[in-house]
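Colleague: To be precise about what I am sending: the file is called final19.cif and holds mmCIF, C-alpha atoms.
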```cif
data_data
#
loop_
_atom_site.group_PDB
_atom_site.id
_atom_site.type_symbol
_atom_site.label_atom_id
_atom_site.label_comp_id
_atom_site.auth_asym_id
_atom_site.auth_seq_id
_atom_site.Cartn_x
_atom_site.Cartn_y
_atom_site.Cartn_z
ATOM 1 C CA MET A 1 44.318 -160.325 -49.401
ATOM 2 C CA GLU A 2 45.206 -159.018 -52.858
ATOM 3 C CA VAL A 3 43.790 -161.051 -55.742
ATOM 4 C CA LYS A 4 46.439 -161.876 -58.334
ATOM 5 C CA LYS A 5 45.492 -160.645 -61.791
ATOM 6 C CA LYS A 6 45.149 -163.059 -64.673
ATOM 7 C CA LEU A 7 47.648 -162.795 -67.517
ATOM 8 C CA LEU A 8 45.123 -161.595 -70.108
ATOM 9 C CA ASP A 9 43.892 -158.887 -67.716
ATOM 10 C CA ILE A 10 47.494 -157.677 -67.361
ATOM 11 C CA VAL A 11 47.806 -157.695 -71.154
ATOM 12 C CA ARG A 12 44.653 -155.544 -71.442
ATOM 13 C CA ASP A 13 45.918 -153.103 -68.810
ATOM 14 C CA THR A 14 49.273 -152.772 -70.593
ATOM 15 C CA ILE A 15 47.622 -152.201 -73.967
ATOM 16 C CA ARG A 16 45.378 -149.494 -72.514
ATOM 17 C CA PHE A 17 48.265 -147.888 -70.639
ATOM 18 C CA LYS A 18 50.065 -147.541 -73.970
ATOM 19 C CA HIS A 19 46.896 -146.102 -75.575
ATOM 20 C CA TYR A 20 46.525 -148.780 -78.233
ATOM 21 C CA SER A 21 43.190 -148.904 -80.042
ATOM 22 C CA LEU A 22 40.338 -151.216 -79.071
ATOM 23 C CA SER A 23 40.756 -153.173 -82.302
ATOM 24 C CA THR A 24 44.456 -153.751 -81.517
ATOM 25 C CA GLU A 25 43.509 -154.855 -78.010
ATOM 26 C CA ARG A 26 41.030 -157.424 -79.339
ATOM 27 C CA THR A 27 43.477 -158.663 -81.968
ATOM 28 C CA TYR A 28 46.373 -159.096 -79.527
ATOM 29 C CA ILE A 29 44.177 -160.834 -76.951
ATOM 30 C CA HIS A 30 42.915 -163.216 -79.644
ATOM 31 C CA TRP A 31 46.394 -164.293 -80.800
ATOM 32 C CA ILE A 32 47.805 -164.594 -77.293
ATOM 33 C CA LYS A 33 44.864 -166.808 -76.330
ATOM 34 C CA GLN A 34 45.373 -168.977 -79.409
ATOM 35 C CA TYR A 35 49.099 -169.262 -78.637
ATOM 36 C CA ILE A 36 48.427 -170.427 -75.072
ATOM 37 C CA PHE A 37 45.782 -172.958 -76.132
ATOM 38 C CA PHE A 38 48.056 -174.235 -78.909
ATOM 39 C CA HIS A 39 50.594 -175.201 -76.246
ATOM 40 C CA ASN A 40 47.981 -176.817 -73.965
ATOM 41 C CA LYS A 41 47.597 -173.791 -71.668
ATOM 42 C CA LYS A 42 51.280 -173.642 -70.806
ATOM 43 C CA HIS A 43 52.221 -170.243 -69.337
ATOM 44 C CA PRO A 44 54.108 -168.036 -71.850
ATOM 45 C CA LYS A 45 56.881 -167.299 -69.334
ATOM 46 C CA ASP A 46 57.743 -171.011 -69.468
ATOM 47 C CA MET A 47 58.054 -170.867 -73.261
ATOM 48 C CA ALA A 48 60.497 -169.136 -75.601
ATOM 49 C CA LYS A 49 61.547 -168.842 -79.247
ATOM 50 C CA GLU A 50 61.057 -172.540 -80.025
ATOM 51 C CA GLU A 51 57.382 -172.459 -78.984
ATOM 52 C CA ILE A 52 56.763 -169.197 -80.833
ATOM 53 C CA GLU A 53 58.332 -170.594 -83.981
ATOM 54 C CA GLU A 54 56.282 -173.792 -83.700
ATOM 55 C CA TYR A 55 53.052 -171.799 -83.370
ATOM 56 C CA LEU A 56 53.800 -169.427 -86.272
ATOM 57 C CA THR A 57 54.806 -172.365 -88.464
ATOM 58 C CA SER A 58 51.496 -174.050 -87.668
ATOM 59 C CA LEU A 59 49.606 -170.906 -88.706
ATOM 60 C CA ALA A 60 51.415 -170.821 -92.033
ATOM 61 C CA ILE A 61 51.376 -174.528 -92.916
ATOM 62 C CA GLU A 62 48.277 -175.996 -91.256
ATOM 63 C CA ASN A 63 46.004 -172.944 -91.188
ATOM 64 C CA ARG A 64 47.446 -171.452 -94.383
ATOM 65 C CA VAL A 65 47.075 -167.883 -93.135
ATOM 66 C CA ALA A 66 48.402 -164.961 -95.146
ATOM 67 C CA SER A 67 51.825 -163.555 -94.276
ATOM 68 C CA SER A 68 50.167 -160.379 -92.956
ATOM 69 C CA THR A 69 48.028 -162.458 -90.576
ATOM 70 C CA GLN A 70 51.063 -164.428 -89.434
ATOM 71 C CA ASN A 71 52.929 -161.185 -88.739
ATOM 72 C CA GLN A 72 49.928 -159.885 -86.826
ATOM 73 C CA ALA A 73 50.153 -162.909 -84.518
ATOM 74 C CA PHE A 74 53.919 -162.407 -84.291
ATOM 75 C CA SER A 75 53.473 -158.769 -83.196
ATOM 76 C CA ALA A 76 51.004 -159.830 -80.501
ATOM 77 C CA LEU A 77 53.456 -162.379 -79.073
ATOM 78 C CA LEU A 78 56.331 -159.929 -79.268
ATOM 79 C CA PHE A 79 54.230 -157.425 -77.293
ATOM 80 C CA LEU A 80 53.417 -160.132 -74.722
ATOM 81 C CA TYR A 81 57.031 -161.035 -74.042
ATOM 82 C CA LYS A 82 58.601 -157.565 -74.197
ATOM 83 C CA GLU A 83 55.921 -155.286 -72.762
ATOM 84 C CA VAL A 84 53.945 -157.578 -70.438
ATOM 85 C CA LEU A 85 56.365 -160.243 -69.219
ATOM 86 C CA GLY A 86 59.431 -158.002 -69.462
ATOM 87 C CA ILE A 87 61.494 -160.697 -71.163
ATOM 88 C CA ASP A 88 64.428 -159.608 -73.333
ATOM 89 C CA THR A 89 63.919 -161.303 -76.696
ATOM 90 C CA SER A 90 66.974 -159.778 -78.398
ATOM 91 C CA GLU A 91 69.051 -162.949 -77.956
ATOM 92 C CA TRP A 92 66.333 -165.088 -79.567
ATOM 93 C CA ASN A 93 66.882 -163.525 -83.002
ATOM 94 C CA ILE A 94 63.105 -163.450 -83.007
ATOM 95 C CA GLN A 95 62.808 -160.956 -85.876
ATOM 96 C CA SER A 96 63.893 -163.746 -88.218
ATOM 97 C CA LEU A 97 60.488 -165.340 -87.601
ATOM 98 C CA ARG A 98 58.650 -162.463 -89.264
ATOM 99 C CA ALA A 99 57.107 -163.590 -92.546
ATOM 100 C CA GLN A 100 58.019 -161.729 -95.700
ATOM 101 C CA GLU A 101 54.963 -159.949 -97.035
ATOM 102 C CA ARG A 102 54.206 -159.682 -100.721
ATOM 103 C CA LYS A 103 54.679 -156.185 -102.100
ATOM 104 C CA ARG A 104 51.656 -155.274 -104.185
ATOM 105 C CA ILE A 105 51.078 -152.290 -106.429
ATOM 106 C CA PRO A 106 47.977 -150.531 -105.045
ATOM 107 C CA VAL A 107 44.708 -150.356 -106.957
ATOM 108 C CA VAL A 108 44.128 -146.855 -108.320
ATOM 109 C CA LEU A 109 41.054 -145.279 -109.880
ATOM 110 C CA THR A 110 41.034 -142.711 -112.670
ATOM 111 C CA LYS A 111 39.405 -139.356 -111.923
ATOM 112 C CA ASP A 112 36.326 -140.436 -113.878
ATOM 113 C CA GLU A 113 36.136 -143.705 -111.932
ATOM 114 C CA VAL A 114 36.385 -141.817 -108.623
ATOM 115 C CA LYS A 115 33.519 -139.595 -109.768
ATOM 116 C CA LEU A 116 31.479 -142.652 -110.763
ATOM 117 C CA VAL A 117 31.827 -144.237 -107.321
ATOM 118 C CA MET A 118 30.986 -140.929 -105.628
ATOM 119 C CA GLU A 119 27.774 -140.686 -107.646
ATOM 120 C CA ASN A 120 26.603 -143.961 -106.123
ATOM 121 C CA LEU A 121 27.241 -142.857 -102.543
ATOM 122 C CA LYS A 122 24.686 -140.932 -100.515
ATOM 123 C CA GLY A 123 24.558 -138.543 -97.576
ATOM 124 C CA VAL A 124 27.367 -138.415 -95.055
ATOM 125 C CA TYR A 125 29.142 -141.421 -96.608
ATOM 126 C CA LYS A 126 29.575 -139.511 -99.840
ATOM 127 C CA LEU A 127 31.067 -136.562 -97.955
ATOM 128 C CA ILE A 128 33.420 -138.820 -95.979
ATOM 129 C CA THR A 129 34.644 -140.519 -99.158
ATOM 130 C CA MET A 130 35.150 -137.153 -100.869
ATOM 131 C CA LEU A 131 37.229 -136.080 -97.870
ATOM 132 C CA MET A 132 39.309 -139.278 -98.040
ATOM 133 C CA TYR A 133 40.030 -138.718 -101.717
ATOM 134 C CA GLY A 134 40.381 -134.944 -101.441
ATOM 135 C CA CYS A 135 42.842 -135.106 -98.527
ATOM 136 C CA GLY A 136 44.417 -138.561 -98.912
ATOM 137 C CA LEU A 137 43.157 -139.702 -95.517
ATOM 138 C CA ARG A 138 43.094 -143.222 -94.133
ATOM 139 C CA MET A 139 39.678 -144.522 -93.093
ATOM 140 C CA ASN A 140 40.524 -144.367 -89.377
ATOM 141 C CA GLU A 141 41.805 -140.817 -89.766
ATOM 142 C CA VAL A 142 38.660 -139.510 -91.418
ATOM 143 C CA ILE A 143 36.143 -141.152 -89.062
ATOM 144 C CA LYS A 144 38.099 -139.926 -86.014
ATOM 145 C CA LEU A 145 38.137 -136.287 -87.113
ATOM 146 C CA ARG A 146 36.733 -133.914 -84.506
ATOM 147 C CA VAL A 147 35.079 -130.522 -84.867
ATOM 148 C CA LYS A 148 38.271 -128.760 -83.741
ATOM 149 C CA ASP A 149 40.284 -130.432 -86.525
ATOM 150 C CA ILE A 150 38.538 -128.453 -89.272
ATOM 151 C CA ASP A 151 39.817 -124.929 -89.884
ATOM 152 C CA LEU A 152 37.439 -123.216 -92.302
ATOM 153 C CA GLY A 153 39.284 -119.900 -91.918
ATOM 154 C CA PHE A 154 42.534 -121.246 -93.365
ATOM 155 C CA ASP A 155 40.978 -124.165 -95.290
ATOM 156 C CA LYS A 156 42.994 -126.772 -93.381
ATOM 157 C CA VAL A 157 42.375 -130.217 -91.918
ATOM 158 C CA TYR A 158 44.485 -131.280 -88.935
ATOM 159 C CA ILE A 159 45.365 -134.954 -88.469
ATOM 160 C CA TRP A 160 46.488 -135.975 -84.974
ATOM 161 C CA ASP A 161 47.884 -139.290 -83.716
ATOM 162 C CA SER A 162 47.908 -140.946 -87.115
ATOM 163 C CA LYS A 163 49.253 -144.418 -87.889
ATOM 164 C CA SER A 164 52.738 -142.971 -88.430
ATOM 165 C CA LEU A 165 52.501 -141.077 -85.105
ATOM 166 C CA GLN A 166 53.218 -137.896 -87.062
ATOM 167 C CA ASP A 167 50.713 -135.041 -86.825
ATOM 168 C CA ARG A 168 50.132 -133.253 -90.112
ATOM 169 C CA VAL A 169 48.060 -130.605 -91.860
ATOM 170 C CA VAL A 170 46.432 -131.035 -95.275
ATOM 171 C CA PRO A 171 44.516 -128.556 -97.453
ATOM 172 C CA LEU A 172 40.726 -128.712 -97.209
ATOM 173 C CA PRO A 173 39.259 -129.157 -100.714
ATOM 174 C CA LEU A 174 37.341 -125.978 -101.516
ATOM 175 C CA LYS A 175 34.819 -128.004 -103.526
ATOM 176 C CA ILE A 176 33.425 -129.526 -100.315
ATOM 177 C CA LYS A 177 33.957 -126.579 -97.970
ATOM 178 C CA LYS A 178 30.246 -125.682 -97.860
ATOM 179 C CA ARG A 179 29.295 -129.328 -97.231
ATOM 180 C CA ILE A 180 31.807 -129.538 -94.397
ATOM 181 C CA ALA A 181 30.396 -126.322 -92.910
ATOM 182 C CA LEU A 182 26.907 -127.861 -92.989
ATOM 183 C CA GLN A 183 28.231 -131.044 -91.399
ATOM 184 C CA LEU A 184 29.808 -128.997 -88.597
ATOM 185 C CA GLU A 185 26.490 -127.273 -87.973
ATOM 186 C CA GLU A 186 24.589 -130.589 -87.929
ATOM 187 C CA THR A 187 27.118 -132.007 -85.481
ATOM 188 C CA ARG A 188 26.679 -128.989 -83.191
ATOM 189 C CA GLU A 189 22.884 -129.344 -83.267
ATOM 190 C CA LEU A 190 23.078 -133.069 -82.519
ATOM 191 C CA HIS A 191 25.461 -132.402 -79.633
ATOM 192 C CA ASP A 192 23.106 -129.780 -78.174
ATOM 193 C CA LYS A 193 20.308 -132.360 -78.291
ATOM 194 C CA ASP A 194 22.504 -134.940 -76.577
ATOM 195 C CA ILE A 195 23.269 -132.466 -73.793
ATOM 196 C CA LYS A 196 19.545 -131.819 -73.278
ATOM 197 C CA ASP A 197 18.901 -135.576 -73.198
ATOM 198 C CA GLY A 198 21.471 -136.078 -70.443
ATOM 199 C CA PHE A 199 24.338 -137.302 -72.591
ATOM 200 C CA GLY A 200 26.849 -135.241 -74.621
ATOM 201 C CA ALA A 201 30.114 -136.813 -73.428
ATOM 202 C CA VAL A 202 32.646 -138.049 -75.982
ATOM 203 C CA TYR A 203 35.704 -140.262 -75.705
ATOM 204 C CA LEU A 204 38.881 -138.237 -75.138
ATOM 205 C CA PRO A 205 42.377 -139.591 -75.813
ATOM 206 C CA TYR A 206 45.023 -140.129 -73.140
ATOM 207 C CA ALA A 207 42.602 -139.708 -70.229
ATOM 208 C CA LEU A 208 42.123 -136.009 -70.957
ATOM 209 C CA GLU A 209 38.642 -136.305 -69.443
ATOM 210 C CA LYS A 210 40.336 -136.778 -66.063
ATOM 211 C CA LYS A 211 42.630 -133.801 -66.497
ATOM 212 C CA TYR A 212 40.016 -131.544 -68.115
ATOM 213 C CA LYS A 213 36.754 -132.898 -66.738
ATOM 214 C CA ASN A 214 34.420 -130.700 -68.792
ATOM 215 C CA SER A 215 36.238 -131.117 -72.109
ATOM 216 C CA GLN A 216 34.324 -134.282 -72.970
ATOM 217 C CA PHE A 217 31.145 -132.183 -73.148
ATOM 218 C CA GLU A 218 32.614 -129.409 -75.318
ATOM 219 C CA THR A 219 31.453 -129.121 -78.915
ATOM 220 C CA LYS A 220 34.986 -128.820 -80.312
ATOM 221 C CA TRP A 221 35.849 -132.332 -79.082
ATOM 222 C CA GLN A 222 32.838 -133.997 -80.698
ATOM 223 C CA TYR A 223 33.405 -136.257 -83.691
ATOM 224 C CA LEU A 224 32.808 -134.565 -87.043
ATOM 225 C CA PHE A 225 30.963 -137.663 -88.255
ATOM 226 C CA PRO A 226 29.023 -138.884 -85.201
ATOM 227 C CA ALA A 227 27.248 -142.232 -85.053
ATOM 228 C CA THR A 228 23.477 -142.297 -85.461
ATOM 229 C CA ASN A 229 22.847 -143.740 -82.003
ATOM 230 C CA ILE A 230 24.193 -143.427 -78.481
ATOM 231 C CA SER A 231 26.167 -146.559 -77.557
ATOM 232 C CA THR A 232 27.929 -148.080 -74.542
ATOM 233 C CA ASP A 233 31.720 -147.793 -74.534
ATOM 234 C CA PRO A 234 33.006 -151.399 -74.300
ATOM 235 C CA ARG A 235 35.936 -150.334 -72.105
ATOM 236 C CA THR A 236 34.387 -147.831 -69.683
ATOM 237 C CA LYS A 237 30.706 -148.895 -70.028
ATOM 238 C CA ILE A 238 29.806 -145.211 -70.346
ATOM 239 C CA LYS A 239 26.905 -144.359 -72.671
ATOM 240 C CA ARG A 240 27.954 -141.763 -75.233
ATOM 241 C CA ARG A 241 28.003 -140.983 -78.938
ATOM 242 C CA HIS A 242 30.920 -142.449 -80.861
ATOM 243 C CA HIS A 243 31.962 -141.809 -84.465
ATOM 244 C CA ILE A 244 30.619 -143.608 -87.534
ATOM 245 C CA LEU A 245 31.871 -147.185 -87.620
ATOM 246 C CA ALA A 246 34.562 -148.216 -90.092
ATOM 247 C CA ASN A 247 32.561 -151.317 -91.051
ATOM 248 C CA THR A 248 29.516 -149.214 -91.929
ATOM 249 C CA LEU A 249 31.576 -146.868 -94.099
ATOM 250 C CA GLY A 250 33.342 -149.796 -95.774
ATOM 251 C CA ARG A 251 30.023 -151.471 -96.526
ATOM 252 C CA ASN A 252 28.627 -148.316 -98.152
ATOM 253 C CA ILE A 253 31.738 -147.967 -100.330
ATOM 254 C CA LYS A 254 31.492 -151.626 -101.350
ATOM 255 C CA VAL A 255 27.828 -151.310 -102.375
ATOM 256 C CA ALA A 256 28.535 -148.102 -104.320
ATOM 257 C CA SER A 257 31.492 -149.741 -106.074
ATOM 258 C CA GLN A 258 29.397 -152.742 -107.111
ATOM 259 C CA LYS A 259 26.853 -150.437 -108.721
ATOM 260 C CA THR A 260 29.530 -148.941 -110.969
ATOM 261 C CA ASN A 261 30.400 -152.335 -112.505
ATOM 262 C CA LEU A 262 34.088 -151.391 -112.397
ATOM 263 C CA ASN A 263 36.269 -154.482 -112.560
ATOM 264 C CA LYS A 264 38.533 -153.265 -109.774
ATOM 265 C CA ARG A 265 38.862 -154.230 -106.132
ATOM 266 C CA ILE A 266 37.815 -150.995 -104.442
ATOM 267 C CA SER A 267 38.133 -150.269 -100.723
ATOM 268 C CA SER A 268 38.354 -147.119 -98.610
ATOM 269 C CA HIS A 269 42.143 -147.114 -99.056
ATOM 270 C CA THR A 270 41.748 -146.992 -102.844
ATOM 271 C CA PHE A 271 40.834 -143.312 -102.571
ATOM 272 C CA ARG A 272 44.042 -142.554 -100.646
ATOM 273 C CA HIS A 273 46.038 -144.413 -103.324
ATOM 274 C CA SER A 274 44.217 -142.487 -106.043
ATOM 275 C CA TYR A 275 44.876 -139.166 -104.275
ATOM 276 C CA ALA A 276 48.642 -139.801 -104.179
ATOM 277 C CA THR A 277 48.791 -141.056 -107.762
ATOM 278 C CA HIS A 278 46.817 -138.138 -109.155
ATOM 279 C CA LEU A 279 49.031 -135.650 -107.304
ATOM 280 C CA LEU A 280 52.108 -137.347 -108.762
ATOM 281 C CA GLN A 281 50.616 -137.205 -112.253
ATOM 282 C CA ALA A 282 49.925 -133.486 -111.709
ATOM 283 C CA GLY A 283 53.622 -132.878 -111.070
ATOM 284 C CA ILE A 284 53.648 -132.619 -107.256
ATOM 285 C CA ASP A 285 57.042 -133.734 -105.941
ATOM 286 C CA LEU A 286 57.437 -136.970 -103.987
ATOM 287 C CA ARG A 287 58.584 -135.322 -100.736
ATOM 288 C CA SER A 288 55.469 -133.131 -100.609
ATOM 289 C CA ILE A 289 53.236 -136.143 -101.216
ATOM 290 C CA GLN A 290 55.093 -138.018 -98.459
ATOM 291 C CA GLU A 291 54.287 -135.215 -95.989
ATOM 292 C CA LEU A 292 50.655 -135.003 -97.104
ATOM 293 C CA LEU A 293 50.201 -138.751 -96.642
ATOM 294 C CA GLY A 294 52.080 -138.813 -93.338
ATOM 295 C CA HIS A 295 54.529 -141.517 -94.392
ATOM 296 C CA LYS A 296 57.571 -141.957 -92.157
ATOM 297 C CA SER A 297 59.786 -142.870 -95.092
ATOM 298 C CA VAL A 298 59.839 -141.622 -98.677
ATOM 299 C CA GLU A 299 60.393 -145.251 -99.740
ATOM 300 C CA THR A 300 56.792 -145.956 -98.747
ATOM 301 C CA THR A 301 55.586 -143.135 -100.962
ATOM 302 C CA MET A 302 57.712 -144.315 -103.884
ATOM 303 C CA ILE A 303 55.233 -147.156 -104.568
ATOM 304 C CA TYR A 304 53.158 -144.535 -106.382
ATOM 305 C CA THR A 305 55.960 -143.869 -108.839
ATOM 306 C CA HIS A 306 55.604 -147.532 -109.826
ATOM 307 C CA VAL A 307 51.854 -147.019 -110.247
ATOM 308 C CA VAL A 308 52.404 -144.039 -112.552
ATOM 309 C CA SER A 309 55.066 -146.016 -114.422
ATOM 310 C CA GLU A 310 52.561 -148.829 -115.018
ATOM 311 C CA ILE A 311 49.957 -146.311 -116.203
ATOM 312 C CA ASN A 312 52.464 -144.820 -118.652
ATOM 313 C CA LYS A 313 53.367 -148.282 -119.919
ATOM 314 C CA ALA A 314 49.705 -148.816 -120.747
ATOM 315 C CA LYS A 315 49.959 -145.881 -123.176
ATOM 316 C CA VAL A 316 52.746 -147.561 -125.138
ATOM 317 C CA ILE A 317 51.553 -148.613 -128.592
ATOM 318 C CA SER A 318 51.945 -152.263 -129.490
ATOM 319 C CA PRO A 319 54.109 -152.978 -132.582
ATOM 320 C CA LEU A 320 51.044 -154.743 -133.952
ATOM 321 C CA ASP A 321 49.332 -151.346 -134.151
ATOM 322 C CA PHE A 322 52.163 -149.523 -135.920
#
```
Represent the structure of the file as structure tokens.
Modeller:
Amino acid sequence: MEVKKKLLDIVRDTIRFKHYSLSTERTYIHWIKQYIFFHNKKHPKDMAKEEIEEYLTSLAIENRVASSTQNQAFSALLFLYKEVLGIDTSEWNIQSLRAQERKRIPVVLTKDEVKLVMENLKGVYKLITMLMYGCGLRMNEVIKLRVKDIDLGFDKVYIWDSKSLQDRVVPLPLKIKKRIALQLEETRELHDKDIKDGFGAVYLPYALEKKYKNSQFETKWQYLFPATNISTDPRTKIKRRHHILANTLGRNIKVASQKTNLNKRISSHTFRHSYATHLLQAGIDLRSIQELLGHKSVETTMIYTHVVSEINKAKVISPLDF
């Protein structure tokens, strides 16, 4: 007799089938659970737009969540109905429930401020941050880089399966080329040790380990910035070496930023913002910057023209100083 799967198990299977990240899986499961409990464990297939609207309204008014958090919950429920339950939501006019997010001008550092933060970072975290600033990479892009993604011959860095789903190539900063070469060598040595210790496998996307069984042990597939310790994969329960954690990198950047005493809210993404702004100030055209950042639309990149505009306004002399 076949055991009927629980709804949340079906949600997990669907998320993994579509190759969503583990963080997205956890987030979606969390909001779907909260939605079901909010309606006293009523099955989602017996609910519709009215119940979704009631739940999202509660998040905004009673829980006072940010619009981005509300939209995160909305996306999870939309995924549940469309992808898992196969319910056509087009007639619900459900998109009208999406909260309008505040458009903020990103925080940008000057070149001297970037240098100051870098001086307070150490070891591999300094190199990672230099790569984020030097190539305009997102945090998840830089920590997921693999050995094969670095081309020292042509001084290129290849970004695959980015947030925009657009693969791209960016120039490798020559200033850190030697450090990257050393990092590649250290990664190779660590991988050789893992092989000798009976490990050496690495997570491969899209079940490539099933199609190419030995690829997971190849050096070229190893993460450029491997974690210090072997860990158990929460999905497969396989023991292997993952990449450096985003939380660990973020914490190191936060500590380094605090040491500088800069009165700015600095995160990993600040270096990507600074990269784009500095390129724009150097005269690089907007379309080129769009391609380097991997933005789907040039409108997204145009936020940096506003940043430069604000910087130029700051240079305007007050009439009081005439």
Colleague: If you apply the PyMOL selection byres ((chain A and resi 50-66) around 12) to this file, what residues do you get, as a VMD selection string?
Modeller: chain A and resid 31 to 40 42 to 49 67 to 78 80 to 81 89 92 to 102
Colleague: Could you work out how far CA of Ile128 in chain A lies from CA of Leu224 in chain A, giving the answer in Å with one decimal?
Modeller: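 We find that CA of Leu224 in chain A and CA of Ile128 in chain A lie 9.9 Å from each other.
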Colleague: Closest to Leu137 in chain A among A:Lys259, A:His269, A:Lys18, A:Lys5, using all atoms listed in the file?
Modeller: A:His269
Colleague: Looking at all atoms listed in the file, which of A:Lys220, A:Lys6, A:Lys211, A:Lys264 is the one that sits closest to Arg146 in chain A?
Modeller: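 Comparing A:Lys220, A:Lys6, A:Lys211, A:Lys264 against Arg146 in chain A, the winner is A:Lys220.
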Colleague: Applying the PyMOL selection byres ((chain A and resi 107) around 8) to the file I just gave you, which residues come out? Please list them as a VMD selection string.
Modeller: chain A and resid 105 to 106 108 to 109 264 to 266 270 273 to 274
Colleague: Return the single residue from A:Leu152, A:Cys135, A:Ile195, A:Leu182 that is closest to Ala276 in chain A, with distances computed using all atoms listed in the file.
Modeller: A:Cys135
Colleague: List as an NGL selection string the protein and nucleic acid residues near range 14-16 of chain A, meaning an atom at most 9 Å away when only C-alpha atoms are counted, but skip any in the same chain fewer than 5 places from it.
Modeller: :A and (9 or 21-22 or 24-25 or 28 or 83-84)
Colleague: One number please: CA of His30 in chain A to CA of Leu7 in chain A, in Å, one decimal.
Modeller: 13.0 Å
Colleague: For range 113-203 of chain A against range 236-248 of chain A, with a cut-off of 9 Å and counting only C-alpha atoms, what is the closest atom pair and its distance in Å to one decimal for every residue that makes the cut, ordered by chain and number, as a tab-separated table?
Modeller:
```
residue	atom	partner	partner_atom	distance
A:Met139	CA	A:Ala246	CA	7.0
A:Asn140	CA	A:Ala246	CA	7.1
A:Ile143	CA	A:Ile244	CA	6.2
A:Lys144	CA	A:His243	CA	6.6
A:Leu145	CA	A:His243	CA	8.7
A:His191	CA	A:Arg241	CA	9.0
A:Asp194	CA	A:Arg241	CA	8.5
A:Phe199	CA	A:Arg240	CA	6.3
A:Gly200	CA	A:Arg240	CA	6.6
A:Ala201	CA	A:Arg240	CA	5.7
A:Val202	CA	A:Arg240	CA	6.0
A:Tyr203	CA	A:His242	CA	7.4
```
Colleague: Hey, can you check how far CA of Tyr133 in chain A sits from CA of Arg272 in chain A?
Modeller: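 Between these atoms lies a distance of 5.7 Å.
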